[in-house]
Structures are given as C-alpha cells and as structure tokens.
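*Asks:* Just so it is clear, I am handing over run-v1.csv, which has CSV, C-alpha atoms and all ligand atoms.
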chain,number,residue,atom,x,y,z
A,1,MET,CA,-23.9,139.1,44.0
A,2,ILE,CA,-26.5,140.5,46.4
A,3,LEU,CA,-28.9,138.2,48.3
A,4,ALA,CA,-32.3,140.0,48.9
A,5,ILE,CA,-35.1,139.0,51.2
A,6,GLU,CA,-38.8,140.2,51.0
A,7,SER,CA,-41.3,139.5,53.7
A,8,SER,CA,-43.3,142.7,54.0
A,9,CYS,CA,-46.7,141.0,53.7
A,10,ASP,CA,-47.8,137.5,52.6
A,11,ASP,CA,-45.0,136.6,50.1
A,12,SER,CA,-41.8,135.0,51.3
A,13,SER,CA,-39.2,135.6,48.6
A,14,ILE,CA,-35.4,135.5,48.1
A,15,SER,CA,-33.4,136.6,45.1
A,16,ILE,CA,-29.8,136.7,44.1
A,17,THR,CA,-28.7,139.4,41.6
A,18,ARG,CA,-25.4,140.0,40.0
A,19,ILE,CA,-24.0,143.4,40.8
A,20,ASP,CA,-22.2,143.9,37.5
A,21,SER,CA,-24.5,142.4,34.9
A,22,LEU,CA,-27.8,142.8,36.8
A,23,ASP,CA,-28.6,139.1,36.0
A,24,LEU,CA,-31.2,137.6,38.3
A,25,VAL,CA,-29.4,134.3,39.0
A,26,PHE,CA,-31.9,133.0,41.6
A,27,HIS,CA,-35.4,134.0,42.4
A,28,LYS,CA,-38.0,132.1,44.4
A,29,LYS,CA,-41.3,133.2,46.0
A,30,ILE,CA,-43.7,131.2,48.2
A,31,SER,CA,-47.1,132.9,48.4
A,32,GLN,CA,-49.5,132.4,51.3
A,33,GLU,CA,-52.7,133.3,49.4
A,34,LEU,CA,-54.3,129.9,50.1
A,35,GLU,CA,-53.7,130.1,53.8
A,36,HIS,CA,-55.1,133.6,54.1
A,37,SER,CA,-58.0,133.0,51.6
A,38,PHE,CA,-60.1,131.4,54.4
A,39,TYR,CA,-60.0,134.7,56.3
A,40,GLY,CA,-60.7,137.0,53.3
A,41,GLY,CA,-57.5,138.9,53.9
A,42,VAL,CA,-54.0,138.7,55.4
A,43,VAL,CA,-53.8,137.7,59.0
A,44,PRO,CA,-50.4,139.2,60.2
A,45,GLU,CA,-49.6,136.6,62.9
A,46,LEU,CA,-50.3,133.7,60.5
A,47,ALA,CA,-48.2,135.4,57.8
A,48,ALA,CA,-45.3,135.7,60.2
A,49,ARG,CA,-45.4,132.0,61.1
A,50,LEU,CA,-45.5,131.0,57.5
A,51,HIS,CA,-42.5,133.2,56.7
A,52,ILE,CA,-40.5,131.3,59.4
A,53,GLU,CA,-41.2,128.1,57.5
A,54,ALA,CA,-40.8,129.4,54.0
A,55,LEU,CA,-37.7,131.7,54.1
A,56,PRO,CA,-35.3,129.0,55.4
A,57,LYS,CA,-36.6,126.5,52.9
A,58,ILE,CA,-35.8,129.0,50.0
A,59,PHE,CA,-32.5,129.9,51.6
A,60,GLU,CA,-31.5,126.2,51.5
A,61,GLU,CA,-31.6,126.5,47.7
A,62,CYS,CA,-29.2,129.4,47.6
A,63,LYS,CA,-26.4,127.7,49.4
A,64,ASP,CA,-24.2,127.3,46.3
A,65,TYR,CA,-24.1,131.0,45.7
A,66,LEU,CA,-23.1,132.1,49.2
A,67,LYS,CA,-19.4,132.3,48.5
A,68,ASP,CA,-20.1,135.0,45.9
A,69,ILE,CA,-22.5,137.1,48.0
A,70,LYS,CA,-21.2,140.6,48.8
A,71,ALA,CA,-24.2,142.0,50.7
A,72,VAL,CA,-27.5,141.0,52.2
A,73,ALA,CA,-30.5,143.2,51.4
A,74,VAL,CA,-33.9,143.2,53.1
A,75,THR,CA,-37.2,145.1,53.0
A,76,ASN,CA,-37.4,147.0,56.2
A,77,ALA,CA,-40.3,149.4,55.4
A,78,PRO,CA,-43.2,149.7,54.9
A,79,GLY,CA,-45.2,146.6,55.7
A,80,LEU,CA,-46.6,144.5,58.5
A,81,SER,CA,-44.4,144.7,61.6
A,82,VAL,CA,-44.5,141.0,62.5
A,83,THR,CA,-43.7,139.9,58.9
A,84,LEU,CA,-41.0,142.5,58.2
A,85,THR,CA,-39.3,141.4,61.4
A,86,GLU,CA,-38.9,137.8,60.1
A,87,GLY,CA,-37.0,139.0,57.0
A,88,VAL,CA,-34.9,141.5,58.9
A,89,ALA,CA,-34.0,138.9,61.6
A,90,MET,CA,-32.9,136.5,58.9
A,91,ALA,CA,-30.9,139.1,57.0
A,92,LYS,CA,-29.1,140.0,60.2
A,93,ALA,CA,-28.3,136.4,61.0
A,94,ILE,CA,-26.9,135.9,57.5
A,95,SER,CA,-24.9,139.1,57.8
A,96,ILE,CA,-23.3,138.0,61.1
A,97,ALA,CA,-22.6,134.5,59.9
A,98,LEU,CA,-21.0,135.5,56.6
A,99,ASN,CA,-19.6,138.9,57.7
A,100,LEU,CA,-21.5,140.8,55.0
A,101,PRO,CA,-22.9,144.4,55.0
A,102,LEU,CA,-26.6,144.9,55.3
A,103,ILE,CA,-28.7,147.0,52.9
A,104,ALA,CA,-32.2,148.2,54.1
A,105,VAL,CA,-34.6,148.5,51.2
A,106,ASN,CA,-37.8,150.5,51.0
A,107,HIS,CA,-40.6,148.3,49.6
A,108,LEU,CA,-42.1,151.1,47.5
A,109,LYS,CA,-38.8,151.8,45.8
A,110,GLY,CA,-38.7,148.0,45.2
A,111,HIS,CA,-42.0,148.3,43.2
A,112,ILE,CA,-40.6,151.1,41.2
A,113,TYR,CA,-37.4,149.2,40.4
A,114,SER,CA,-39.5,146.2,39.3
A,115,LEU,CA,-39.4,148.1,36.0
A,116,PHE,CA,-35.6,147.6,35.9
A,117,ILE,CA,-35.1,144.0,36.7
A,118,GLU,CA,-32.2,142.8,34.6
A,119,LYS,CA,-32.2,146.2,32.9
A,120,GLU,CA,-30.4,149.5,33.5
A,121,GLU,CA,-32.4,152.1,35.4
A,122,SER,CA,-33.8,155.1,33.5
A,123,PHE,CA,-35.2,158.3,35.1
A,124,PRO,CA,-37.1,160.6,35.4
A,125,ILE,CA,-40.5,158.8,35.4
A,126,THR,CA,-43.9,159.6,36.8
A,127,VAL,CA,-45.1,156.4,38.5
A,128,LEU,CA,-48.6,155.2,39.5
A,129,LEU,CA,-48.1,152.8,42.4
A,130,VAL,CA,-51.1,150.7,42.9
A,131,SER,CA,-50.9,147.8,45.4
A,132,GLY,CA,-52.8,146.4,48.4
A,133,GLY,CA,-51.3,148.9,50.8
A,134,HIS,CA,-50.7,151.9,48.5
A,135,THR,CA,-52.2,154.1,45.8
A,136,GLN,CA,-50.0,157.0,45.0
A,137,ILE,CA,-48.3,159.0,42.2
A,138,VAL,CA,-44.6,159.4,42.5
A,139,GLU,CA,-42.2,161.7,40.7
A,140,ALA,CA,-39.1,159.5,40.5
A,141,ASN,CA,-35.9,161.3,39.5
A,142,ASP,CA,-33.4,158.8,40.8
A,143,LEU,CA,-32.8,156.3,43.6
A,144,ASN,CA,-32.7,159.0,46.3
A,145,ASN,CA,-34.9,161.6,44.7
A,146,MET,CA,-38.5,160.4,44.7
A,147,LYS,CA,-41.5,162.5,45.8
A,148,THR,CA,-45.1,161.4,46.3
A,149,ILE,CA,-47.3,164.0,44.6
A,150,ALA,CA,-50.7,162.3,45.1
A,151,ARG,CA,-52.0,159.7,47.5
A,152,THR,CA,-55.1,158.0,48.8
A,153,LEU,CA,-57.1,159.5,51.6
A,154,ASP,CA,-58.3,156.1,52.9
A,155,ASP,CA,-58.2,152.6,51.2
A,156,SER,CA,-56.0,151.7,48.4
A,157,PHE,CA,-57.0,150.5,44.9
A,158,GLY,CA,-55.9,146.9,45.4
A,159,GLU,CA,-57.5,146.8,48.9
A,160,SER,CA,-60.8,147.9,47.5
A,161,PHE,CA,-60.8,144.9,45.1
A,162,ASP,CA,-60.0,142.6,48.0
A,163,LYS,CA,-62.9,144.0,50.1
A,164,VAL,CA,-65.4,143.9,47.3
A,165,ALA,CA,-64.4,140.3,46.6
A,166,LYS,CA,-64.8,139.5,50.3
A,167,MET,CA,-68.3,141.0,50.3
A,168,MET,CA,-69.3,138.6,47.6
A,169,ASN,CA,-67.6,135.6,49.3
A,170,LEU,CA,-64.9,135.3,46.7
A,171,SER,CA,-61.4,134.3,47.7
A,172,TYR,CA,-58.3,136.4,48.5
A,173,PRO,CA,-56.6,138.2,46.9
A,174,GLY,CA,-59.7,139.8,45.3
A,175,GLY,CA,-57.9,141.7,42.5
A,176,PRO,CA,-57.4,138.9,39.9
A,177,ILE,CA,-60.8,137.3,40.8
A,178,ILE,CA,-62.7,140.5,40.3
A,179,GLU,CA,-60.9,141.1,37.1
A,180,GLU,CA,-61.9,137.6,35.8
A,181,LYS,CA,-65.5,138.0,36.9
A,182,ALA,CA,-65.7,141.4,35.3
A,183,LYS,CA,-64.9,139.9,31.9
A,184,LYS,CA,-68.3,138.1,32.0
A,185,GLY,CA,-70.2,141.1,33.5
A,186,ASP,CA,-72.1,144.2,32.3
A,187,GLU,CA,-70.1,147.2,33.5
A,188,ASN,CA,-73.1,149.5,32.9
A,189,ARG,CA,-75.6,147.5,35.0
A,190,PHE,CA,-74.7,149.5,38.2
A,191,SER,CA,-73.6,153.1,38.2
A,192,PHE,CA,-71.4,153.3,41.2
A,193,PRO,CA,-70.1,156.8,42.0
A,194,ILE,CA,-66.7,157.7,40.8
A,195,PRO,CA,-64.9,158.9,43.9
A,196,LEU,CA,-63.9,162.6,44.2
A,197,SER,CA,-65.1,163.4,40.7
A,198,GLN,CA,-66.1,166.9,41.8
A,199,SER,CA,-62.8,167.7,43.4
A,200,SER,CA,-60.0,169.4,41.4
A,201,ASN,CA,-57.3,167.9,43.8
A,202,ILE,CA,-55.3,165.1,42.5
A,203,GLU,CA,-55.9,162.5,45.3
A,204,PHE,CA,-57.6,159.2,45.7
A,205,SER,CA,-60.3,157.6,47.9
A,206,TYR,CA,-61.9,154.2,47.8
A,207,SER,CA,-63.9,153.9,51.0
A,208,GLY,CA,-67.1,155.6,49.5
A,209,LEU,CA,-67.1,153.4,46.4
A,210,LYS,CA,-66.6,150.3,48.6
A,211,ASN,CA,-69.6,151.3,50.6
A,212,ALA,CA,-71.7,152.0,47.5
A,213,VAL,CA,-71.0,148.4,46.4
A,214,ARG,CA,-71.9,147.1,49.9
A,215,VAL,CA,-75.3,148.9,49.7
A,216,GLU,CA,-76.0,147.5,46.3
A,217,ILE,CA,-75.2,143.9,47.4
A,218,GLU,CA,-77.5,144.3,50.4
A,219,LYS,CA,-80.3,145.5,48.2
A,220,ILE,CA,-80.0,142.5,45.9
A,221,LYS,CA,-79.8,140.1,48.9
A,222,GLU,CA,-83.0,141.7,50.4
A,223,LEU,CA,-84.8,140.9,47.2
A,224,ARG,CA,-83.4,137.5,46.4
A,225,ASN,CA,-81.5,136.3,49.4
A,226,GLU,CA,-78.3,135.6,47.5
A,227,LEU,CA,-76.3,136.9,44.5
A,228,SER,CA,-76.5,135.0,41.3
A,229,GLU,CA,-73.3,134.4,39.2
A,230,GLN,CA,-74.5,137.1,36.8
A,231,ASP,CA,-75.0,139.6,39.7
A,232,ILE,CA,-71.4,138.9,40.9
A,233,CYS,CA,-70.0,139.4,37.4
A,234,ASP,CA,-72.0,142.6,36.8
A,235,ILE,CA,-71.0,144.0,40.2
A,236,ALA,CA,-67.3,143.1,39.5
A,237,ALA,CA,-67.4,144.8,36.1
A,238,SER,CA,-69.3,147.9,37.3
A,239,PHE,CA,-67.0,148.3,40.3
A,240,GLN,CA,-63.8,147.8,38.3
A,241,LYS,CA,-65.1,150.4,35.8
A,242,ALA,CA,-65.7,153.0,38.6
A,243,ALA,CA,-62.4,152.2,40.4
A,244,THR,CA,-60.4,152.6,37.2
A,245,SER,CA,-62.3,155.7,36.0
A,246,HIS,CA,-61.4,157.4,39.3
A,247,ILE,CA,-57.7,156.8,38.6
A,248,LEU,CA,-58.1,157.9,34.9
A,249,GLN,CA,-59.9,161.1,35.9
A,250,LYS,CA,-57.1,162.1,38.2
A,251,LEU,CA,-54.4,161.1,35.7
A,252,LYS,CA,-56.1,163.2,33.0
A,253,LYS,CA,-55.9,166.2,35.3
A,254,LEU,CA,-52.2,165.5,35.9
A,255,PHE,CA,-51.5,165.0,32.2
A,256,LYS,CA,-53.4,168.2,31.3
A,257,LYS,CA,-51.2,170.2,33.6
A,258,SER,CA,-48.1,168.7,32.2
A,259,ALA,CA,-47.8,165.4,30.5
A,260,PRO,CA,-44.8,163.4,31.6
A,261,LYS,CA,-42.3,162.1,29.0
A,262,THR,CA,-42.3,158.7,30.7
A,263,PHE,CA,-45.1,157.2,32.8
A,264,ALA,CA,-45.1,153.8,34.6
A,265,ILE,CA,-47.6,151.7,36.5
A,266,VAL,CA,-46.2,149.4,39.2
A,267,GLY,CA,-47.4,147.4,42.2
A,268,GLY,CA,-49.6,144.2,42.5
A,269,ALA,CA,-52.7,145.8,41.1
A,270,SER,CA,-50.7,147.1,38.0
A,271,ALA,CA,-51.3,143.5,36.7
A,272,ASN,CA,-54.9,144.6,36.0
A,273,ILE,CA,-55.3,144.6,32.2
A,274,TYR,CA,-58.4,146.8,32.2
A,275,LEU,CA,-56.4,149.5,34.1
A,276,ARG,CA,-53.3,149.0,31.9
A,277,GLU,CA,-55.3,149.3,28.6
A,278,ASN,CA,-57.0,152.5,29.7
A,279,ILE,CA,-53.7,154.1,30.8
A,280,GLU,CA,-52.1,153.0,27.6
A,281,LYS,CA,-54.7,154.9,25.6
A,282,LEU,CA,-54.1,158.0,27.8
A,283,CYS,CA,-50.3,157.8,27.2
A,284,GLU,CA,-50.7,157.3,23.5
A,285,LYS,CA,-52.9,160.5,23.3
A,286,HIS,CA,-50.2,162.5,25.1
A,287,ASN,CA,-47.2,160.9,23.3
A,288,THR,CA,-46.0,159.7,26.7
A,289,LYS,CA,-43.8,156.6,26.8
A,290,LEU,CA,-45.4,153.9,29.1
A,291,LEU,CA,-43.2,151.5,31.2
A,292,LEU,CA,-44.8,148.4,32.7
A,293,SER,CA,-43.1,145.8,34.8
A,294,SER,CA,-43.5,142.3,33.6
A,295,LEU,CA,-46.6,140.6,35.0
A,296,LYS,CA,-44.5,138.2,37.1
A,297,TYR,CA,-42.9,141.1,39.0
A,298,CYS,CA,-46.0,143.2,39.7
A,299,SER,CA,-46.8,141.6,43.0
A,300,ASP,CA,-44.4,141.5,45.9
A,301,ASN,CA,-41.1,139.7,45.1
A,302,ALA,CA,-37.4,139.8,46.2
A,303,ALA,CA,-36.1,140.4,42.6
A,304,MET,CA,-37.3,144.0,42.8
A,305,ILE,CA,-35.7,144.4,46.3
A,306,GLY,CA,-32.4,143.0,45.0
A,307,ARG,CA,-32.5,145.4,42.0
A,308,VAL,CA,-32.8,148.4,44.3
A,309,ALA,CA,-30.1,147.0,46.5
A,310,VAL,CA,-27.6,146.9,43.6
A,311,GLU,CA,-27.9,150.6,43.2
A,312,GLN,CA,-27.6,151.1,47.0
A,313,TYR,CA,-24.5,148.8,47.0
A,314,LYS,CA,-22.8,151.0,44.3
A,315,ILE,CA,-23.1,154.0,46.6
A,316,LYS,CA,-22.2,152.0,49.7
A,317,ASP,CA,-25.6,152.7,51.3
A,318,PHE,CA,-25.2,150.1,54.1
A,319,THR,CA,-26.9,150.0,57.4
A,320,LYS,CA,-25.2,148.9,60.6
A,321,ILE,CA,-26.8,145.8,62.2
A,322,ASP,CA,-27.8,147.7,65.4
A,323,GLU,CA,-29.3,150.6,63.3
A,324,LEU,CA,-31.4,148.4,61.0
A,325,TYR,CA,-35.0,148.8,62.2
A,326,ILE,CA,-38.3,148.0,60.7
A,327,LYS,CA,-40.6,150.9,59.9
A,328,THR,CA,-44.2,150.0,59.3
A,329,ARG,CA,-45.8,153.3,58.5
A,330,VAL,CA,-43.5,154.8,55.9
A,331,LYS,CA,-46.2,155.7,53.4
A,332,GLU,CA,-44.0,157.8,51.2
A,333,LEU,CA,-40.6,157.8,49.6
A,401,LIG,O1,-47.9,144.8,45.5
A,401,LIG,P1,-48.7,143.7,46.2
A,401,LIG,O2,-48.4,142.3,45.9
A,401,LIG,O3,-48.7,143.8,47.7
A,401,LIG,C1,-48.7,145.1,48.4
A,401,LIG,O4,-47.6,145.7,48.4
A,401,LIG,O5,-49.7,145.5,48.8
A,401,LIG,O6,-50.3,144.0,45.8
A,401,LIG,C2,-51.3,143.1,46.2
A,401,LIG,C3,-52.6,143.8,45.8
A,401,LIG,C4,-53.8,143.0,46.4
A,401,LIG,O7,-54.7,144.0,47.0
A,401,LIG,C5,-54.4,142.4,45.1
A,401,LIG,O8,-55.8,142.2,45.2
A,401,LIG,C6,-54.1,143.4,44.1
A,401,LIG,O9,-52.8,143.8,44.4
A,401,LIG,N1,-54.2,142.9,42.7
A,401,LIG,C7,-55.0,143.3,41.8
A,401,LIG,C8,-54.8,142.5,40.6
A,401,LIG,N2,-53.8,141.6,40.9
A,401,LIG,C9,-53.4,141.9,42.2
A,401,LIG,N3,-55.9,144.3,41.8
A,401,LIG,C10,-56.7,144.5,40.7
A,401,LIG,N4,-56.6,143.7,39.6
A,401,LIG,C11,-55.7,142.7,39.5
A,401,LIG,N5,-55.5,142.0,38.4
A,402,ZN,ZN,-46.0,145.5,47.5
Can you dump the structure from the file as structure tokens?
Ligand code: KG4
Ligand code: ZN

*Replies:*
Amino acid sequence: MILAIESSCDDSSISITRIDSLDLVFHKKISQELEHSFYGGVVPELAARLHIEALPKIFEECKDYLKDIKAVAVTNAPGLSVTLTEGVAMAKAISIALNLPLIAVNHLKGHIYSLFIEKEESFPITVLLVSGGHTQIVEANDLNNMKTIARTLDDSFGESFDKVAKMMNLSYPGGPIIEEKAKKGDENRFSFPIPLSQSSNIEFSYSGLKNAVRVEIEKIKELRNELSEQDICDIAASFQKAATSHILQKLKKLFKKSAPKTFAIVGGASANIYLRENIEKLCEKHNTKLLLSSLKYCSDNAAMIGRVAVEQYKIKDFTKIDELYIKTRVKEL
C-alpha cells in the first residue's frame, strides 16, 4: 500500500491505496473552509497552522495499516509554500521512521488521476483543469507525457468565483455558493463581457470579467446602498454564464481544429454542474467521450495523489530525502 499526503492549499488529507488492486482502503480529508471564510480567501499562514493540527490527527487513524505501507507519497508542487512544507516535512518524518521510499507528486497530475481513483488509467485524454489556482487545457498521453496547450493569462476560473463571491460578502469558497445563487437568478439580466471573445488564440482570462462584475455591483450600490437577494442571484447567474461561455468558446475552437476522442474536466471547479452540462453537450455533438471525476474527488484530496503515486511506484520514481523540495510555481506539467 501507499500512504499519500496532500496539503498544497487548505485541505489536509491522507489516503492509503493498494498498489495491486488500486483499492482506496483509507481516505480522510479535513477542510479549512470555515476558518478561511472569515477572510474571504485562504490565509497561507493560518492554513499551515491548521495542517499541523489536522495531519497528525488523520495519521493516528492510519496506524493499523503502517506495517503494509511500501512508500510515502506527498504533493510537493505546485501550491502554497508554507502549506506544502507541512506535508513534505511529515512525509519525510514517516519515511525516516519506517525506512520507506518517498514519492514526490505533482498536484496537477493528481487532479488528472482523480479520474482513475480505484480504476485503471486510460490515455490519451484532452483535459480541462479548472481549480482555484489553475485554468488550463492539457494533452495527457501518459504519466510522464503531459503538455499544457492553453492556459490563463491572469486569474483562474475557480478564483474568479471566489472573488465575485467576496465582492457580494458571500463566504469562501465562492464556487459552490455562486452556483447555488445562480439557480435562482436571471442569467440575462446583466450582459457581462465574455473574455477574449475577439481573439483566435486558445487561452483564458478572468480579470476583465471580474472587474466588470465589480463595476456593476458598485453601480447598484450607488443607487440603492446595498444588493438585494435578487441582485445577488442575478449577478451570480450572469457571471456564471459569462465565465462558462468563455471556456465554451475556446473549447469550440479547439474541437473545431481537431475534436479529441476523449475529453475530461478535473479540478475543484469541475464540480460546477452548469459547466459540466454545457461541456457534455459539446462532447455529444463531436462524438467525444467525456470523463468526469466523481464529485467527491473534484476538490483537493489525497486519494488522487495516492493514485498517481501507484503509477510512480511501479516505475520506481522515488526521490531521495535530501532531494525532495517543494516547488510553488510549477504551473505546468
Ligand atoms: O482543486 P481545488 O480544490 O483547489 C485548487 O487546487 O485550487 O479547487 C478549489 C476551487 C475554488 O476556487 C472553488 O471556488 C472552486 O474550486 N469551486 C467551484 C465550484 N466548487 C468549487 N467553482 C465553481 N463552481 C463550483 N461548483
Ligand atoms: Zn487542486
């Protein structure tokens, strides 16, 4: 079995995965959403302190499996430096104590392998990775052959939901709240600009859309001092429509050039049903098979890290303890 640790942002998670059968025999995650909600976003230093409390608590529950563990895996990139450090330090301690090899896992590969938890891997796939830190399209051919073919120029899809939620004093993370509010809103009340709609390049941008929402909120507040519940729902729906249309416009361009046989959406924001349904329609039109990770594995978790680690274990992709560093800015695979 492989024990895997994830602490790249605000989720403390440990998993234990069987190498031969891929069974996930243990998986627990402690999220810090409530603690960060007060600040409207993740406070790195607070996140690190909470990992120090949560990770050993979860580890206590794994003790019965320790005799069967063959390697310790940990997310080492990308992520917040102070939170990655907590997971890496813990993995190194376990590796020394139990004399086990270490496996350094890229978090973005983890999101892609969330498609294969308790399943065999199957490539090639074109993957849309939408999370709080990333918005990119990846051509994934196998574990060590993945290429980012499109990326965001500024903010990410998930981050823009978080920021729009913050502007309306909604809690963190903004994605699920905006999606809920949008269900009760009129998506045609505000016509927010669809980013980069005039450009033929396949790339993303969310900072302009975010500012357009800010300006609209300020306009309403000038008139009436505060937003009504209906204003909030209409802004959420109109924003979600523009943010999703942006992704769809770019995917349509990509599919027009050459429609992939298999497409997938991964990352925390891939839980968004509005986005999923629209991409489903596009895939149906092009006869493309669509892979989705189960909703419980969209956001950060150690099960996906353990799943990548199984493949790394098979090819003995181990990292020596003094060569295992954290890398915060690895944006690509
Ligand atoms: O993958 P993840 O857990 O962490 C990162 O690696 O960044 O993604 C978290 C992000 C947050 O920005 C959150 O607001 C967004 O995913 N998110 C959503 C939804 N659920 C989570 N965004 C839009 N719609 C959702 N339903
Ligand atoms: Zn993530």

*Asks:* Quick one: residues within 12 Å of ligand ZN 402 (chain A), with all atoms listed in the file, as a ChimeraX atom specification?

*Replies:* /A:6-12,75,77-80,106-114,129-135,156,158-159,266-270,297-302,304-305,331

*Asks:* If I take atom CA of Ala54 of chain A and atom CA of Ile30 of chain A, how far is one from the other in Å, to one decimal?

*Replies:*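 Going from atom CA of Ala54 of chain A over to atom CA of Ile30 of chain A, I get 6.7 Å.
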
*Asks:* Could you please determine the separation between atom CA of Ser294 of chain A and atom CA of Ile265 of chain A in Å, to one decimal place?

*Replies:* 10.7 Å

*Asks:* Hey, what's within 12 Å of Glu120 of chain A if we count all atoms listed in the file and toss same-chain stuff fewer than 2 positions away? As a CSV table (one decimal) with C-alpha atoms, keeping the file's coordinate frame, please?

*Replies:*
chain,number,residue,atom,x,y,z
A,19,ILE,CA,-24.0,143.4,40.8
A,20,ASP,CA,-22.2,143.9,37.5
A,21,SER,CA,-24.5,142.4,34.9
A,22,LEU,CA,-27.8,142.8,36.8
A,23,ASP,CA,-28.6,139.1,36.0
A,113,TYR,CA,-37.4,149.2,40.4
A,114,SER,CA,-39.5,146.2,39.3
A,115,LEU,CA,-39.4,148.1,36.0
A,116,PHE,CA,-35.6,147.6,35.9
A,117,ILE,CA,-35.1,144.0,36.7
A,118,GLU,CA,-32.2,142.8,34.6
A,122,SER,CA,-33.8,155.1,33.5
A,123,PHE,CA,-35.2,158.3,35.1
A,307,ARG,CA,-32.5,145.4,42.0
A,308,VAL,CA,-32.8,148.4,44.3
A,310,VAL,CA,-27.6,146.9,43.6
A,311,GLU,CA,-27.9,150.6,43.2

*Asks:* Which one of A:Lys261, A:Arg189, A:Arg276, A:Lys314 sits closest to Lys289 of chain A if you count only C-alpha atoms?

*Replies:*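 Smallest distance to Lys289 of chain A is found for A:Lys261.
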
*Asks:* May I ask for the distance between atom CA of Ile232 of chain A and atom CA of Met167 of chain A, given in Å to one decimal place?

*Replies:*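 Separation of atom CA of Ile232 of chain A and atom CA of Met167 of chain A: 10.1 Å.
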
*Asks:* Under the rule that only C-alpha atoms are counted, which of A:Val213, A:Val330, A:Ala48, A:Leu55 is the nearest residue to Val82 of chain A?

*Replies:*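 The answer is A:Ala48, which sits nearest to Val82 of chain A.
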
*Asks:* Write out as a ChimeraX atom specification each polymer residue whose atoms come within 8 Å of Ala303 of chain A, counting all atoms listed in the file; drop sequence neighbours fewer than 6 positions from it.

*Replies:* /A:4,14-17,24,27,114,117,297

*Asks:* I need the residue nearest ligand LIG 401 (chain A) from this list: A:Lys67, A:Lys253, A:Lys316, A:Lys163. Use all atoms listed in the file for the distance.

*Replies:*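 For ligand LIG 401 (chain A), the nearest of the given residues is A:Lys163.
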
*Asks:* Write out as a short mmCIF file (atom, residue, chain, number, x, y, z; two decimals) with C-alpha atoms, in the coordinates of the input the residues lying within 10 Å of segment 144-155 of chain A, counting only C-alpha atoms and excluding same-chain residues fewer than 4 positions away.

*Replies:*
data_model
loop_
_atom_site.label_atom_id
_atom_site.label_comp_id
_atom_site.auth_asym_id
_atom_site.auth_seq_id
_atom_site.Cartn_x
_atom_site.Cartn_y
_atom_site.Cartn_z
CA LYS A 109 -38.80 151.80 45.80
CA PRO A 124 -37.10 160.60 35.40
CA ILE A 125 -40.50 158.80 35.40
CA THR A 126 -43.90 159.60 36.80
CA VAL A 127 -45.10 156.40 38.50
CA LEU A 128 -48.60 155.20 39.50
CA LEU A 129 -48.10 152.80 42.40
CA GLY A 132 -52.80 146.40 48.40
CA GLY A 133 -51.30 148.90 50.80
CA HIS A 134 -50.70 151.90 48.50
CA THR A 135 -52.20 154.10 45.80
CA GLN A 136 -50.00 157.00 45.00
CA ILE A 137 -48.30 159.00 42.20
CA VAL A 138 -44.60 159.40 42.50
CA GLU A 139 -42.20 161.70 40.70
CA ALA A 140 -39.10 159.50 40.50
CA GLU A 159 -57.50 146.80 48.90
CA SER A 160 -60.80 147.90 47.50
CA LYS A 163 -62.90 144.00 50.10
CA ASN A 201 -57.30 167.90 43.80
CA ILE A 202 -55.30 165.10 42.50
CA GLU A 203 -55.90 162.50 45.30
CA PHE A 204 -57.60 159.20 45.70
CA SER A 205 -60.30 157.60 47.90
CA TYR A 206 -61.90 154.20 47.80
CA SER A 207 -63.90 153.90 51.00
CA GLY A 208 -67.10 155.60 49.50
CA LYS A 210 -66.60 150.30 48.60
CA LYS A 250 -57.10 162.10 38.20
CA LEU A 254 -52.20 165.50 35.90
CA GLN A 312 -27.60 151.10 47.00
CA LYS A 331 -46.20 155.70 53.40
CA GLU A 332 -44.00 157.80 51.20
CA LEU A 333 -40.60 157.80 49.60
#

*Asks:* Since fewer atoms than expected are present, regenerate N, CA and C atoms for segment 67-79 of chain A and write them as a PDB file, keeping the file's coordinate frame.

*Replies:*
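Okay, this is what ended up in part_4.pdb:
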ATOM      1  N   LYS A  67     -20.809 131.832  48.556  1.00  0.00           N
ATOM      2  CA  LYS A  67     -19.400 132.300  48.500  1.00  0.00           C
ATOM      3  C   LYS A  67     -19.256 133.574  47.661  1.00  0.00           C
ATOM      4  N   ASP A  68     -20.230 133.827  46.779  1.00  0.00           N
ATOM      5  CA  ASP A  68     -20.100 135.000  45.900  1.00  0.00           C
ATOM      6  C   ASP A  68     -20.948 136.197  46.388  1.00  0.00           C
ATOM      7  N   ILE A  69     -21.636 136.045  47.506  1.00  0.00           N
ATOM      8  CA  ILE A  69     -22.500 137.100  48.000  1.00  0.00           C
ATOM      9  C   ILE A  69     -21.673 138.242  48.639  1.00  0.00           C
ATOM     10  N   LYS A  70     -21.955 139.493  48.234  1.00  0.00           N
ATOM     11  CA  LYS A  70     -21.200 140.600  48.800  1.00  0.00           C
ATOM     12  C   LYS A  70     -22.003 141.461  49.765  1.00  0.00           C
ATOM     13  N   ALA A  71     -23.336 141.286  49.764  1.00  0.00           N
ATOM     14  CA  ALA A  71     -24.200 142.000  50.700  1.00  0.00           C
ATOM     15  C   ALA A  71     -25.528 141.352  50.833  1.00  0.00           C
ATOM     16  N   VAL A  72     -26.174 141.582  51.984  1.00  0.00           N
ATOM     17  CA  VAL A  72     -27.500 141.000  52.200  1.00  0.00           C
ATOM     18  C   VAL A  72     -28.493 142.203  52.268  1.00  0.00           C
ATOM     19  N   ALA A  73     -29.510 142.166  51.404  1.00  0.00           N
ATOM     20  CA  ALA A  73     -30.500 143.200  51.400  1.00  0.00           C
ATOM     21  C   ALA A  73     -31.821 142.706  51.936  1.00  0.00           C
ATOM     22  N   VAL A  74     -32.579 143.592  52.553  1.00  0.00           N
ATOM     23  CA  VAL A  74     -33.900 143.200  53.100  1.00  0.00           C
ATOM     24  C   VAL A  74     -34.842 144.346  53.113  1.00  0.00           C
ATOM     25  N   THR A  75     -36.120 144.043  52.848  1.00  0.00           N
ATOM     26  CA  THR A  75     -37.200 145.100  53.000  1.00  0.00           C
ATOM     27  C   THR A  75     -37.338 145.389  54.436  1.00  0.00           C
ATOM     28  N   ASN A  76     -37.193 146.675  54.799  1.00  0.00           N
ATOM     29  CA  ASN A  76     -37.400 147.000  56.200  1.00  0.00           C
ATOM     30  C   ASN A  76     -38.585 147.984  56.395  1.00  0.00           C
ATOM     31  N   ALA A  77     -39.195 148.455  55.260  1.00  0.00           N
ATOM     32  CA  ALA A  77     -40.300 149.400  55.400  1.00  0.00           C
ATOM     33  C   ALA A  77     -40.940 149.594  53.994  1.00  0.00           C
ATOM     34  N   PRO A  78     -42.211 149.918  53.911  1.00  0.00           N
ATOM     35  CA  PRO A  78     -43.200 149.700  54.900  1.00  0.00           C
ATOM     36  C   PRO A  78     -43.787 148.298  54.820  1.00  0.00           C
ATOM     37  N   GLY A  79     -44.655 147.948  55.745  1.00  0.00           N
ATOM     38  CA  GLY A  79     -45.200 146.600  55.700  1.00  0.00           C
ATOM     39  C   GLY A  79     -45.792 146.233  57.073  1.00  0.00           C
TER      40      GLY A  79
END
